[in-house]
Structures are given as C-alpha cells and as structure tokens.
$ cat entry-v9.cif   # mmCIF, C-alpha atoms
data_input
loop_
_atom_site.label_atom_id
_atom_site.label_comp_id
_atom_site.auth_asym_id
_atom_site.auth_seq_id
_atom_site.Cartn_x
_atom_site.Cartn_y
_atom_site.Cartn_z
CA MET A 1 -15.43 -30.70 16.05
CA LYS A 2 -15.25 -28.23 13.17
CA PHE A 3 -12.04 -26.54 12.11
CA THR A 4 -11.64 -22.83 12.90
CA LEU A 5 -8.78 -20.42 12.33
CA ALA A 6 -8.43 -19.70 16.07
CA PHE A 7 -5.74 -22.25 16.84
CA SER A 8 -3.69 -21.32 19.90
CA VAL A 9 -0.09 -20.29 19.44
CA SER A 10 0.74 -23.11 21.79
CA ALA A 11 -0.07 -25.55 19.00
CA ALA A 12 3.24 -24.59 17.43
CA LEU A 13 5.04 -26.14 20.40
CA LEU A 14 3.75 -29.54 19.36
CA VAL A 15 6.33 -29.73 16.61
CA SER A 16 9.00 -30.45 19.23
CA THR A 17 7.28 -33.69 20.11
CA MET A 18 7.10 -35.10 16.63
CA THR A 19 9.21 -37.98 15.39
CA SER A 20 11.44 -37.87 12.31
CA ALA A 21 9.84 -37.67 8.89
CA PHE A 22 8.17 -40.60 7.23
CA ALA A 23 8.40 -43.27 9.88
CA ALA A 24 7.97 -46.74 8.52
CA ASP A 25 4.57 -47.15 10.14
CA ALA A 26 3.26 -43.69 9.17
CA PRO A 27 -0.32 -43.71 7.83
CA SER A 28 -0.90 -43.25 4.12
CA ALA A 29 -1.91 -39.94 2.52
CA ASP A 30 -5.46 -41.25 2.12
CA VAL A 31 -5.64 -42.07 5.83
CA LEU A 32 -4.40 -38.59 6.78
CA LYS A 33 -6.90 -36.94 4.43
CA LYS A 34 -9.73 -39.02 5.92
CA LYS A 35 -8.67 -38.11 9.44
CA LEU A 36 -8.73 -34.39 8.62
CA SER A 37 -12.13 -34.80 7.01
CA ASP A 38 -13.68 -36.93 9.76
CA THR A 39 -12.19 -35.03 12.70
CA LEU A 40 -12.20 -31.44 11.49
CA GLY A 41 -14.66 -31.39 8.58
CA LEU A 42 -11.95 -30.33 6.11
CA GLU A 43 -11.82 -31.11 2.42
CA VAL A 44 -8.22 -31.87 1.44
CA ALA A 45 -7.31 -31.04 -2.15
CA GLU A 46 -3.61 -31.90 -1.90
CA LEU A 47 -1.17 -33.41 0.58
CA GLN A 48 2.62 -33.18 0.27
CA PRO A 49 5.74 -33.00 2.45
CA SER A 50 6.04 -29.70 4.31
CA PRO A 51 9.17 -27.54 4.76
CA ILE A 52 9.41 -28.95 8.30
CA ALA A 53 10.60 -32.53 8.63
CA GLY A 54 8.04 -34.84 10.16
CA MET A 55 5.03 -32.94 8.84
CA GLN A 56 2.77 -33.00 5.81
CA GLN A 57 1.39 -29.87 4.18
CA ALA A 58 -2.34 -30.08 3.46
CA LEU A 59 -4.12 -27.76 1.04
CA THR A 60 -7.68 -27.67 2.34
CA ASP A 61 -10.89 -25.74 1.76
CA ARG A 62 -9.74 -23.52 4.66
CA GLY A 63 -6.23 -22.87 3.39
CA VAL A 64 -2.95 -24.60 4.28
CA ILE A 65 -2.49 -26.56 7.50
CA TYR A 66 0.25 -28.92 8.68
CA ILE A 67 -0.24 -32.41 10.08
CA SER A 68 2.42 -34.68 11.54
CA ASP A 69 3.38 -37.77 9.57
CA ASP A 70 1.73 -39.98 12.19
CA GLY A 71 -1.49 -37.94 12.04
CA SER A 72 -1.47 -37.04 15.75
CA LYS A 73 -0.40 -33.36 15.69
CA LEU A 74 -1.74 -30.33 13.84
CA ILE A 75 -0.42 -26.80 13.26
CA HIS A 76 -2.25 -23.91 11.62
CA GLY A 77 -0.22 -20.83 10.75
CA ASN A 78 2.55 -19.56 8.52
CA ILE A 79 6.02 -21.06 8.17
CA TYR A 80 8.79 -18.56 7.43
CA ASP A 81 12.28 -19.22 6.08
CA ILE A 82 14.66 -17.18 8.26
CA ASP A 83 17.58 -17.70 5.87
CA ARG A 84 15.58 -16.34 2.89
CA GLY A 85 14.54 -12.98 4.27
CA MET A 86 11.59 -14.35 6.24
CA LEU A 87 10.00 -15.73 3.08
CA ASN A 88 6.45 -16.87 3.85
CA LEU A 89 6.65 -20.50 2.74
CA THR A 90 2.98 -21.12 3.49
CA ASP A 91 1.82 -18.42 1.10
CA ALA A 92 4.43 -19.44 -1.48
CA ALA A 93 3.05 -22.98 -1.38
CA LEU A 94 -0.36 -21.63 -2.38
CA ALA A 95 0.79 -19.48 -5.32
CA GLY A 96 0.86 -22.29 -7.89
CA PRO A 97 -2.41 -23.93 -6.79
CA ARG A 98 -4.09 -20.50 -6.73
CA LYS A 99 -3.34 -19.96 -10.40
CA ASP A 100 -4.62 -23.39 -11.39
CA MET A 101 -7.76 -23.29 -9.23
CA ILE A 102 -8.70 -19.76 -10.25
CA LYS A 103 -8.43 -20.73 -13.91
CA GLU A 104 -11.29 -23.20 -13.39
CA PHE A 105 -13.56 -20.28 -12.43
CA GLU A 106 -12.70 -17.93 -15.28
CA ASP A 107 -16.07 -18.42 -16.98
CA GLN A 108 -17.81 -17.27 -13.78
CA MET A 109 -15.90 -14.02 -13.32
CA LEU A 110 -17.28 -10.51 -13.75
CA VAL A 111 -14.59 -8.85 -15.83
CA TYR A 112 -13.83 -5.12 -16.07
CA LYS A 113 -11.34 -5.21 -18.92
CA ALA A 114 -8.64 -2.60 -19.44
CA LYS A 115 -8.54 -1.23 -22.98
CA ASN A 116 -4.74 -1.38 -23.00
CA GLU A 117 -4.38 -4.49 -20.86
CA LYS A 118 -0.99 -5.03 -19.25
CA HIS A 119 -1.95 -6.99 -16.16
CA VAL A 120 -4.87 -9.07 -14.87
CA ILE A 121 -5.88 -9.35 -11.23
CA THR A 122 -8.58 -11.44 -9.61
CA VAL A 123 -10.43 -9.84 -6.71
CA PHE A 124 -12.57 -11.66 -4.16
CA THR A 125 -15.19 -9.05 -3.34
CA ASP A 126 -18.21 -8.47 -1.10
CA ILE A 127 -20.86 -5.80 -1.70
CA THR A 128 -21.09 -5.06 2.06
CA CYS A 129 -17.37 -4.29 2.34
CA GLY A 130 -16.35 -0.63 2.50
CA TYR A 131 -12.94 -1.10 0.95
CA CYS A 132 -14.46 -3.27 -1.80
CA ARG A 133 -16.66 -0.30 -2.65
CA LYS A 134 -13.64 1.98 -2.64
CA LEU A 135 -11.77 -0.31 -5.00
CA HIS A 136 -14.77 -0.62 -7.31
CA ASN A 137 -15.33 3.13 -7.42
CA GLU A 138 -11.72 3.49 -8.58
CA MET A 139 -12.20 0.97 -11.40
CA LYS A 140 -11.37 3.62 -14.02
CA ASP A 141 -7.99 4.16 -12.35
CA PHE A 142 -7.23 0.44 -12.54
CA ASN A 143 -8.35 0.15 -16.15
CA ASP A 144 -6.50 3.32 -17.19
CA ALA A 145 -3.37 1.79 -15.64
CA GLY A 146 -3.80 -1.23 -17.89
CA ILE A 147 -5.09 -3.48 -15.11
CA THR A 148 -8.03 -5.73 -15.90
CA VAL A 149 -10.07 -6.53 -12.79
CA ARG A 150 -11.88 -9.87 -12.52
CA TYR A 151 -14.35 -10.43 -9.69
CA LEU A 152 -15.25 -13.55 -7.76
CA ALA A 153 -17.74 -13.49 -4.91
CA PHE A 154 -16.72 -13.88 -1.27
CA PRO A 155 -19.80 -13.05 0.85
CA ARG A 156 -18.33 -12.50 4.29
CA GLN A 157 -21.51 -13.68 6.02
CA GLY A 158 -20.97 -17.07 4.43
CA VAL A 159 -23.21 -19.31 2.34
CA PRO A 160 -26.14 -19.50 2.75
CA SER A 161 -26.87 -15.92 3.79
CA ALA A 162 -28.85 -12.92 2.59
CA ASN A 163 -25.57 -11.41 1.48
CA ALA A 164 -24.78 -14.45 -0.67
CA GLU A 165 -28.24 -14.29 -2.26
CA ASN A 166 -27.75 -10.62 -3.09
CA MET A 167 -24.46 -11.45 -4.76
CA ARG A 168 -26.14 -14.28 -6.66
CA SER A 169 -28.64 -11.74 -7.99
CA ILE A 170 -25.75 -9.65 -9.30
CA TRP A 171 -24.22 -12.60 -11.11
CA CYS A 172 -27.66 -13.51 -12.49
CA ALA A 173 -28.62 -9.99 -13.60
CA ALA A 174 -29.19 -9.15 -17.25
CA ASP A 175 -26.17 -6.81 -16.97
CA PRO A 176 -23.99 -8.15 -14.14
CA LEU A 177 -21.35 -5.43 -14.49
CA LYS A 178 -23.94 -2.68 -14.05
CA ALA A 179 -25.60 -4.60 -11.24
CA MET A 180 -22.25 -4.85 -9.44
CA THR A 181 -21.63 -1.13 -9.86
CA ASP A 182 -25.11 -0.32 -8.54
CA ALA A 183 -24.63 -2.60 -5.53
CA GLN A 184 -21.18 -1.20 -4.74
CA ASN A 185 -22.80 2.24 -4.71
CA GLY A 186 -25.37 1.18 -2.14
CA LYS A 187 -28.32 0.57 -4.44
CA SER A 188 -30.63 -2.36 -3.80
CA VAL A 189 -30.12 -5.48 -5.86
CA PRO A 190 -33.19 -6.72 -7.76
CA VAL A 191 -33.74 -10.41 -7.14
CA ALA A 192 -32.56 -12.60 -9.99
CA LYS A 193 -32.18 -16.36 -10.13
CA CYS A 194 -29.80 -18.57 -12.07
CA ASP A 195 -27.24 -21.30 -11.39
CA ALA A 196 -24.38 -18.93 -10.49
CA ASP A 197 -22.05 -20.88 -8.21
CA ILE A 198 -21.59 -18.32 -5.43
CA ALA A 199 -20.99 -21.13 -2.92
CA GLY A 200 -18.23 -22.53 -5.11
CA GLN A 201 -16.57 -19.14 -5.42
CA TYR A 202 -16.78 -18.68 -1.66
CA ARG A 203 -15.23 -22.11 -1.03
CA LEU A 204 -12.48 -21.35 -3.53
CA GLY A 205 -11.61 -18.20 -1.61
CA GLY A 206 -11.32 -20.18 1.61
CA THR A 207 -9.09 -22.77 -0.04
CA LEU A 208 -6.81 -20.06 -1.41
CA GLY A 209 -6.38 -18.41 1.98
CA VAL A 210 -8.86 -15.55 1.63
CA SER A 211 -10.08 -14.45 5.05
CA GLY A 212 -11.39 -10.97 4.27
CA THR A 213 -12.23 -8.66 1.40
CA PRO A 214 -11.08 -7.30 -0.90
CA ALA A 215 -8.47 -9.97 -1.53
CA VAL A 216 -6.39 -9.54 -4.67
CA VAL A 217 -4.73 -12.46 -6.43
CA LEU A 218 -1.95 -11.45 -8.82
CA GLU A 219 -1.09 -13.21 -12.07
CA ASP A 220 1.63 -15.28 -10.38
CA GLY A 221 -0.76 -16.51 -7.68
CA VAL A 222 0.46 -14.20 -4.91
CA LEU A 223 -2.35 -13.07 -2.60
CA ILE A 224 -2.52 -9.41 -1.53
CA PRO A 225 -5.00 -9.01 1.35
CA GLY A 226 -6.85 -5.72 1.54
CA TYR A 227 -7.32 -2.66 -0.61
CA GLN A 228 -4.49 -1.28 -2.73
CA PRO A 229 -4.85 1.85 -4.92
CA ALA A 230 -4.20 1.36 -8.64
CA GLU A 231 -0.88 3.24 -8.55
CA SER A 232 0.54 1.10 -5.75
CA LEU A 233 -0.70 -2.13 -7.28
CA LEU A 234 0.78 -1.22 -10.68
CA ARG A 235 4.19 -0.61 -9.08
CA MET A 236 3.93 -3.99 -7.39
CA LEU A 237 2.98 -5.73 -10.63
CA GLU A 238 5.71 -4.12 -12.69
CA ALA A 239 8.36 -4.88 -10.08
CA LYS A 240 7.84 -8.63 -10.58
#
$ encode --input "entry-v9.cif" --output "structure tokens"
Amino acid sequence: MKFTLAFSVSAALLVSTMTSAFAADAPSADVLKKKLSDTLGLEVAELQPSPIAGMQQALTDRGVIYISDDGSKLIHGNIYDIDRGMLNLTDAALAGPRKDMIKEFEDQMLVYKAKNEKHVITVFTDITCGYCRKLHNEMKDFNDAGITVRYLAFPRQGVPSANAENMRSIWCAADPLKAMTDAQNGKSVPVAKCDADIAGQYRLGGTLGVSGTPAVVLEDGVLIPGYQPAESLLRMLEAK
C-alpha cells in the first residue's frame, strides 16, 4: 500500500480512540519510522511529539503526517491552534526544516538575482505550468522590487517523465537561465545531459509540502502556494 494524499476526513475521528501520550510500552521512534516505511513507502526524515497528545509528528518525503504513539493510527492533514487565531501548526512545523533542507540545494538553483537585493525567495517551478510562466515572465518586476528568485524543479508529472527530462535539459544547458526563459515562453528545450538532480529537487518539494506549482518558499521557511505578483509578495515580505 503506497501513501497518497487522499486520506478520508473520517481518519481525523481516530484521534478519539488513542490512548494518552507516551505509554510505557509504546514502540521506539525507529520502530515507528520502519512501520511508516514498510507499510506506506514513506521516508521519514524526522519524528517528534506532535501538538496533540498521544501522537507523533513525522516529517516525511510527502510532507507532515501524524502517527499515534502506539503506531496503530494515522492522520494526514493540518492541525490548527484555535486559541492562536487558527495558526496552522502543521505548516509552522515545516518552516524551520524547509530553511535547512533548501540550503542543501543552493548549489543546484537557477538564480535570477536582483541588482538591489532585499529579499530572496525559492520557487518550485514547472515549465508546463501556466502560472509558472506568468511568474517567470514578470521576473523583471520581481528583480526591480529587490526580490531575487531562485528556482528548483518540481515536474508535476513526476520523475521519471518526459517533463522531468525536459527540465533536466534546462539545468544542463550551456546557459540554464536562458534555457529556462525559452522554455517558459513555449520554446522547445534542446536535449542536454548532465548529473542535475531533478529527482532530488522533486523529492525535496514533496517533503516540504509542495503539491502544485508555482510554490514559493520565503526566507523564514513559510510556504506560499500559487502565483503571487511581485507587488503583493513584496508587501508580504516587508510585513514580516
């Protein structure tokens, strides 16, 4: 059985059946990680207590999920703190790891640097995505606003796919920035081969909670799904 994002809402009701946190006979973190891997095909990067007693929070290659301390119950979805203005605790839990994990991919990014840089955003992009093209065609607006844009690949058709190979050719081109601009304007991508880790970038996106493109990660690790014009994004950045 492979893990998918289509968990039924009814799964949330399972929390009422769970015992109190950290029972004496609860399985170890390693056992829980192995169970998630063996049963659902998930890679678990980190496991820690969740905001809900009796559950562990697992950072996986498909985002955050929650597993009961005894390993018998699973919830996929967001946890909100009612007393803190409906703060999305699930997304907040990913902010720190996003910053650290993205840093490991900095040498793989295609960077459109602002001359007067004030902010840096990381965008998971796909050359078949209409709003990715819109964002790219407004690159001058972002750069003029002092926003440096860094790209990582997130081919929506997955890896392997023809889409992923086209994106590999962009990363492997003699001039990747020009190749990206050409592709985002509908031009064909000449085949180029190298060791660009498109699969790794795609997996990173999944781990960080990316489910569509464009997906913008801010400097503090907050994820903004979908297209935002430069003016709106700048207001958001400067309000932090």
$ closest_residue --input "entry-v9.cif" --among "A:Leu74, A:Ala239, A:Ile79, A:Val123" --to "Ile52 of chain A" --atoms "all atoms listed in the file"
A:Ile79
$ resolve_selection --input "entry-v9.cif" --expression "the PyMOL selection byres ((chain A and resi 93-101) around 8)" --output "ChimeraX atom specification"
/A:59,64,89-92,102-105,204,208,219-223
$ closest_residue --input "entry-v9.cif" --among "A:Gln108, A:Ser37, A:Ser169, A:Gln228" --to "Cys194 of chain A" --atoms "all atoms listed in the file"
A:Ser169
$ atom_distance --input "entry-v9.cif" --atom1 "atom CA of Lys134 of chain A" --atom2 "atom CA of Asn78 of chain A"
29.2 Å
$ closest_residue --input "entry-v9.cif" --among "A:Ile127, A:Ile121, A:Ala196, A:Ala45" --to "Ile224 of chain A" --atoms "all atoms listed in the file"
A:Ile121
$ closest_residue --input "entry-v9.cif" --among "A:Asp61, A:Asp175, A:Asp182, A:Asp126" --to "Tyr151 of chain A" --atoms "all atoms listed in the file"
A:Asp126
$ atom_distance --input "entry-v9.cif" --atom1 "atom CA of Asp70 of chain A" --atom2 "atom CA of Glu43 of chain A"
18.9 Å
$ atom_distance --input "entry-v9.cif" --atom1 "atom CA of Asp30 of chain A" --atom2 "atom CA of Gly200 of chain A"
23.8 Å
$ resolve_selection --input "entry-v9.cif" --expression "the PyMOL selection byres ((chain A and resi 56) around 10)" --output "PDB file with C-alpha atoms, in the coordinates of the input"
ATOM      1  CA  ALA A  21       9.840 -37.670   8.890  1.00  0.00           C
ATOM      2  CA  PHE A  22       8.170 -40.600   7.230  1.00  0.00           C
ATOM      3  CA  ALA A  29      -1.910 -39.940   2.520  1.00  0.00           C
ATOM      4  CA  LEU A  32      -4.400 -38.590   6.780  1.00  0.00           C
ATOM      5  CA  LEU A  47      -1.170 -33.410   0.580  1.00  0.00           C
ATOM      6  CA  GLN A  48       2.620 -33.180   0.270  1.00  0.00           C
ATOM      7  CA  PRO A  49       5.740 -33.000   2.450  1.00  0.00           C
ATOM      8  CA  SER A  50       6.040 -29.700   4.310  1.00  0.00           C
ATOM      9  CA  PRO A  51       9.170 -27.540   4.760  1.00  0.00           C
ATOM     10  CA  ILE A  52       9.410 -28.950   8.300  1.00  0.00           C
ATOM     11  CA  ALA A  53      10.600 -32.530   8.630  1.00  0.00           C
ATOM     12  CA  GLY A  54       8.040 -34.840  10.160  1.00  0.00           C
ATOM     13  CA  MET A  55       5.030 -32.940   8.840  1.00  0.00           C
ATOM     14  CA  GLN A  57       1.390 -29.870   4.180  1.00  0.00           C
ATOM     15  CA  ALA A  58      -2.340 -30.080   3.460  1.00  0.00           C
ATOM     16  CA  LEU A  59      -4.120 -27.760   1.040  1.00  0.00           C
ATOM     17  CA  ILE A  65      -2.490 -26.560   7.500  1.00  0.00           C
ATOM     18  CA  TYR A  66       0.250 -28.920   8.680  1.00  0.00           C
ATOM     19  CA  ILE A  67      -0.240 -32.410  10.080  1.00  0.00           C
ATOM     20  CA  SER A  68       2.420 -34.680  11.540  1.00  0.00           C
ATOM     21  CA  ASP A  69       3.380 -37.770   9.570  1.00  0.00           C
ATOM     22  CA  ASP A  70       1.730 -39.980  12.190  1.00  0.00           C
ATOM     23  CA  GLY A  71      -1.490 -37.940  12.040  1.00  0.00           C
ATOM     24  CA  LEU A  74      -1.740 -30.330  13.840  1.00  0.00           C
TER      25      LEU A  74
END
$ closest_atom_pairs --input "entry-v9.cif" --of "segment 34-151 of chain A" --to "segment 184-187 of chain A" --cutoff "8 Å" --atoms "only C-alpha atoms" --output "tab-separated table"
residue	atom	partner	partner_atom	distance
A:Ile127	CA	A:Gln184	CA	5.5
A:Thr128	CA	A:Gln184	CA	7.8
A:Cys132	CA	A:Gln184	CA	7.6
A:Arg133	CA	A:Gln184	CA	5.1
A:His136	CA	A:Gln184	CA	6.9
A:Asn137	CA	A:Gln184	CA	7.8
$ write_last_selection --input "entry-v9.cif" --atoms "C-alpha atoms" --output "mmCIF file, keeping the file's coordinate frame"
data_model
loop_
_atom_site.group_PDB
_atom_site.id
_atom_site.type_symbol
_atom_site.label_atom_id
_atom_site.label_comp_id
_atom_site.auth_asym_id
_atom_site.auth_seq_id
_atom_site.Cartn_x
_atom_site.Cartn_y
_atom_site.Cartn_z
ATOM 1 C CA ILE A 127 -20.860 -5.800 -1.700
ATOM 2 C CA THR A 128 -21.090 -5.060 2.060
ATOM 3 C CA CYS A 132 -14.460 -3.270 -1.800
ATOM 4 C CA ARG A 133 -16.660 -0.300 -2.650
ATOM 5 C CA HIS A 136 -14.770 -0.620 -7.310
ATOM 6 C CA ASN A 137 -15.330 3.130 -7.420
#
$ residues_around --input "entry-v9.cif" --residues "segment 113-117 of chain A" --least-positions-apart "5" --cutoff "9 Å" --atoms "all atoms listed in the file" --output "PyMOL selection string"
chain A and resi 140+142-150
$ closest_residue --input "entry-v9.cif" --among "A:Val191, A:Leu135, A:Cys129, A:Ala199" --to "Ala153 of chain A" --atoms "all atoms listed in the file"
A:Ala199
$ build_atoms --input "entry-v9.cif" --residues "segment 126-161 of chain A" --atoms "N, CA and C atoms" --output "PDB file, in the coordinates of the input"
ATOM      1  N   ASP A 126     -16.967  -8.356  -1.875  1.00  0.00           N
ATOM      2  CA  ASP A 126     -18.210  -8.470  -1.100  1.00  0.00           C
ATOM      3  C   ASP A 126     -18.885  -7.101  -1.171  1.00  0.00           C
ATOM      4  N   ILE A 127     -20.161  -7.083  -1.509  1.00  0.00           N
ATOM      5  CA  ILE A 127     -20.860  -5.800  -1.700  1.00  0.00           C
ATOM      6  C   ILE A 127     -21.157  -5.089  -0.382  1.00  0.00           C
ATOM      7  N   THR A 128     -20.898  -5.732   0.768  1.00  0.00           N
ATOM      8  CA  THR A 128     -21.090  -5.060   2.060  1.00  0.00           C
ATOM      9  C   THR A 128     -19.778  -4.537   2.630  1.00  0.00           C
ATOM     10  N   CYS A 129     -18.715  -4.632   1.875  1.00  0.00           N
ATOM     11  CA  CYS A 129     -17.370  -4.290   2.340  1.00  0.00           C
ATOM     12  C   CYS A 129     -16.993  -2.889   1.868  1.00  0.00           C
ATOM     13  N   GLY A 130     -16.666  -2.015   2.828  1.00  0.00           N
ATOM     14  CA  GLY A 130     -16.350  -0.630   2.500  1.00  0.00           C
ATOM     15  C   GLY A 130     -15.172  -0.475   1.565  1.00  0.00           C
ATOM     16  N   TYR A 131     -14.111  -1.227   1.810  1.00  0.00           N
ATOM     17  CA  TYR A 131     -12.940  -1.100   0.950  1.00  0.00           C
ATOM     18  C   TYR A 131     -13.164  -1.760  -0.414  1.00  0.00           C
ATOM     19  N   CYS A 132     -14.077  -2.728  -0.492  1.00  0.00           N
ATOM     20  CA  CYS A 132     -14.460  -3.270  -1.800  1.00  0.00           C
ATOM     21  C   CYS A 132     -15.146  -2.186  -2.621  1.00  0.00           C
ATOM     22  N   ARG A 133     -15.983  -1.400  -1.965  1.00  0.00           N
ATOM     23  CA  ARG A 133     -16.660  -0.300  -2.650  1.00  0.00           C
ATOM     24  C   ARG A 133     -15.650   0.746  -3.117  1.00  0.00           C
ATOM     25  N   LYS A 134     -14.664   1.024  -2.267  1.00  0.00           N
ATOM     26  CA  LYS A 134     -13.640   1.980  -2.640  1.00  0.00           C
ATOM     27  C   LYS A 134     -12.876   1.503  -3.872  1.00  0.00           C
ATOM     28  N   LEU A 135     -12.476   0.246  -3.862  1.00  0.00           N
ATOM     29  CA  LEU A 135     -11.770  -0.310  -5.000  1.00  0.00           C
ATOM     30  C   LEU A 135     -12.623  -0.226  -6.263  1.00  0.00           C
ATOM     31  N   HIS A 136     -13.903  -0.609  -6.135  1.00  0.00           N
ATOM     32  CA  HIS A 136     -14.770  -0.620  -7.310  1.00  0.00           C
ATOM     33  C   HIS A 136     -14.968   0.790  -7.853  1.00  0.00           C
ATOM     34  N   ASN A 137     -15.113   1.757  -6.974  1.00  0.00           N
ATOM     35  CA  ASN A 137     -15.330   3.130  -7.420  1.00  0.00           C
ATOM     36  C   ASN A 137     -14.088   3.745  -8.049  1.00  0.00           C
ATOM     37  N   GLU A 138     -12.950   3.060  -7.918  1.00  0.00           N
ATOM     38  CA  GLU A 138     -11.720   3.490  -8.580  1.00  0.00           C
ATOM     39  C   GLU A 138     -11.396   2.601  -9.777  1.00  0.00           C
ATOM     40  N   MET A 139     -12.412   1.901 -10.289  1.00  0.00           N
ATOM     41  CA  MET A 139     -12.200   0.970 -11.400  1.00  0.00           C
ATOM     42  C   MET A 139     -11.558   1.668 -12.599  1.00  0.00           C
ATOM     43  N   LYS A 140     -11.941   2.895 -12.883  1.00  0.00           N
ATOM     44  CA  LYS A 140     -11.370   3.620 -14.020  1.00  0.00           C
ATOM     45  C   LYS A 140      -9.863   3.782 -13.843  1.00  0.00           C
ATOM     46  N   ASP A 141      -9.426   4.033 -12.610  1.00  0.00           N
ATOM     47  CA  ASP A 141      -7.990   4.160 -12.350  1.00  0.00           C
ATOM     48  C   ASP A 141      -7.265   2.865 -12.668  1.00  0.00           C
ATOM     49  N   PHE A 142      -7.845   1.741 -12.257  1.00  0.00           N
ATOM     50  CA  PHE A 142      -7.230   0.440 -12.540  1.00  0.00           C
ATOM     51  C   PHE A 142      -7.182   0.188 -14.043  1.00  0.00           C
ATOM     52  N   ASN A 143      -8.300   0.396 -14.704  1.00  0.00           N
ATOM     53  CA  ASN A 143      -8.350   0.150 -16.150  1.00  0.00           C
ATOM     54  C   ASN A 143      -7.433   1.088 -16.916  1.00  0.00           C
ATOM     55  N   ASP A 144      -7.386   2.357 -16.517  1.00  0.00           N
ATOM     56  CA  ASP A 144      -6.500   3.320 -17.190  1.00  0.00           C
ATOM     57  C   ASP A 144      -5.032   2.952 -17.001  1.00  0.00           C
ATOM     58  N   ALA A 145      -4.737   2.248 -15.894  1.00  0.00           N
ATOM     59  CA  ALA A 145      -3.370   1.790 -15.640  1.00  0.00           C
ATOM     60  C   ALA A 145      -3.049   0.494 -16.374  1.00  0.00           C
ATOM     61  N   GLY A 146      -4.001   0.004 -17.145  1.00  0.00           N
ATOM     62  CA  GLY A 146      -3.800  -1.230 -17.890  1.00  0.00           C
ATOM     63  C   GLY A 146      -4.065  -2.481 -17.088  1.00  0.00           C
ATOM     64  N   ILE A 147      -4.791  -2.336 -15.978  1.00  0.00           N
ATOM     65  CA  ILE A 147      -5.090  -3.480 -15.110  1.00  0.00           C
ATOM     66  C   ILE A 147      -6.528  -3.923 -15.311  1.00  0.00           C
ATOM     67  N   THR A 148      -6.710  -5.129 -15.805  1.00  0.00           N
ATOM     68  CA  THR A 148      -8.030  -5.730 -15.900  1.00  0.00           C
ATOM     69  C   THR A 148      -8.395  -6.328 -14.546  1.00  0.00           C
ATOM     70  N   VAL A 149      -9.608  -6.041 -14.094  1.00  0.00           N
ATOM     71  CA  VAL A 149     -10.070  -6.530 -12.790  1.00  0.00           C
ATOM     72  C   VAL A 149     -11.136  -7.596 -13.006  1.00  0.00           C
ATOM     73  N   ARG A 150     -10.921  -8.770 -12.431  1.00  0.00           N
ATOM     74  CA  ARG A 150     -11.880  -9.870 -12.520  1.00  0.00           C
ATOM     75  C   ARG A 150     -12.411 -10.154 -11.120  1.00  0.00           C
ATOM     76  N   TYR A 151     -13.734 -10.213 -10.995  1.00  0.00           N
ATOM     77  CA  TYR A 151     -14.350 -10.430  -9.690  1.00  0.00           C
ATOM     78  C   TYR A 151     -14.803 -11.872  -9.489  1.00  0.00           C
ATOM     79  N   LEU A 152     -14.578 -12.361  -8.273  1.00  0.00           N
ATOM     80  CA  LEU A 152     -15.250 -13.550  -7.760  1.00  0.00           C
ATOM     81  C   LEU A 152     -15.898 -13.160  -6.442  1.00  0.00           C
ATOM     82  N   ALA A 153     -16.966 -13.849  -6.100  1.00  0.00           N
ATOM     83  CA  ALA A 153     -17.740 -13.490  -4.910  1.00  0.00           C
ATOM     84  C   ALA A 153     -17.162 -14.153  -3.656  1.00  0.00           C
ATOM     85  N   PHE A 154     -17.095 -13.354  -2.584  1.00  0.00           N
ATOM     86  CA  PHE A 154     -16.720 -13.880  -1.270  1.00  0.00           C
ATOM     87  C   PHE A 154     -17.612 -13.210  -0.228  1.00  0.00           C
ATOM     88  N   PRO A 155     -18.879 -13.644  -0.146  1.00  0.00           N
ATOM     89  CA  PRO A 155     -19.800 -13.050   0.850  1.00  0.00           C
ATOM     90  C   PRO A 155     -19.314 -13.354   2.259  1.00  0.00           C
ATOM     91  N   ARG A 156     -18.964 -12.317   2.994  1.00  0.00           N
ATOM     92  CA  ARG A 156     -18.330 -12.500   4.290  1.00  0.00           C
ATOM     93  C   ARG A 156     -19.260 -13.141   5.323  1.00  0.00           C
ATOM     94  N   GLN A 157     -20.558 -13.051   5.097  1.00  0.00           N
ATOM     95  CA  GLN A 157     -21.510 -13.680   6.020  1.00  0.00           C
ATOM     96  C   GLN A 157     -21.646 -15.177   5.754  1.00  0.00           C
ATOM     97  N   GLY A 158     -20.946 -15.657   4.734  1.00  0.00           N
ATOM     98  CA  GLY A 158     -20.970 -17.070   4.430  1.00  0.00           C
ATOM     99  C   GLY A 158     -22.079 -17.453   3.469  1.00  0.00           C
ATOM    100  N   VAL A 159     -22.181 -18.742   3.218  1.00  0.00           N
ATOM    101  CA  VAL A 159     -23.210 -19.310   2.340  1.00  0.00           C
ATOM    102  C   VAL A 159     -23.835 -20.483   3.073  1.00  0.00           C
ATOM    103  N   PRO A 160     -25.165 -20.478   3.255  1.00  0.00           N
ATOM    104  CA  PRO A 160     -26.140 -19.500   2.750  1.00  0.00           C
ATOM    105  C   PRO A 160     -26.226 -18.265   3.651  1.00  0.00           C
ATOM    106  N   SER A 161     -26.624 -17.158   3.062  1.00  0.00           N
ATOM    107  CA  SER A 161     -26.870 -15.920   3.790  1.00  0.00           C
ATOM    108  C   SER A 161     -27.592 -14.960   2.848  1.00  0.00           C
TER     109      SER A 161
END
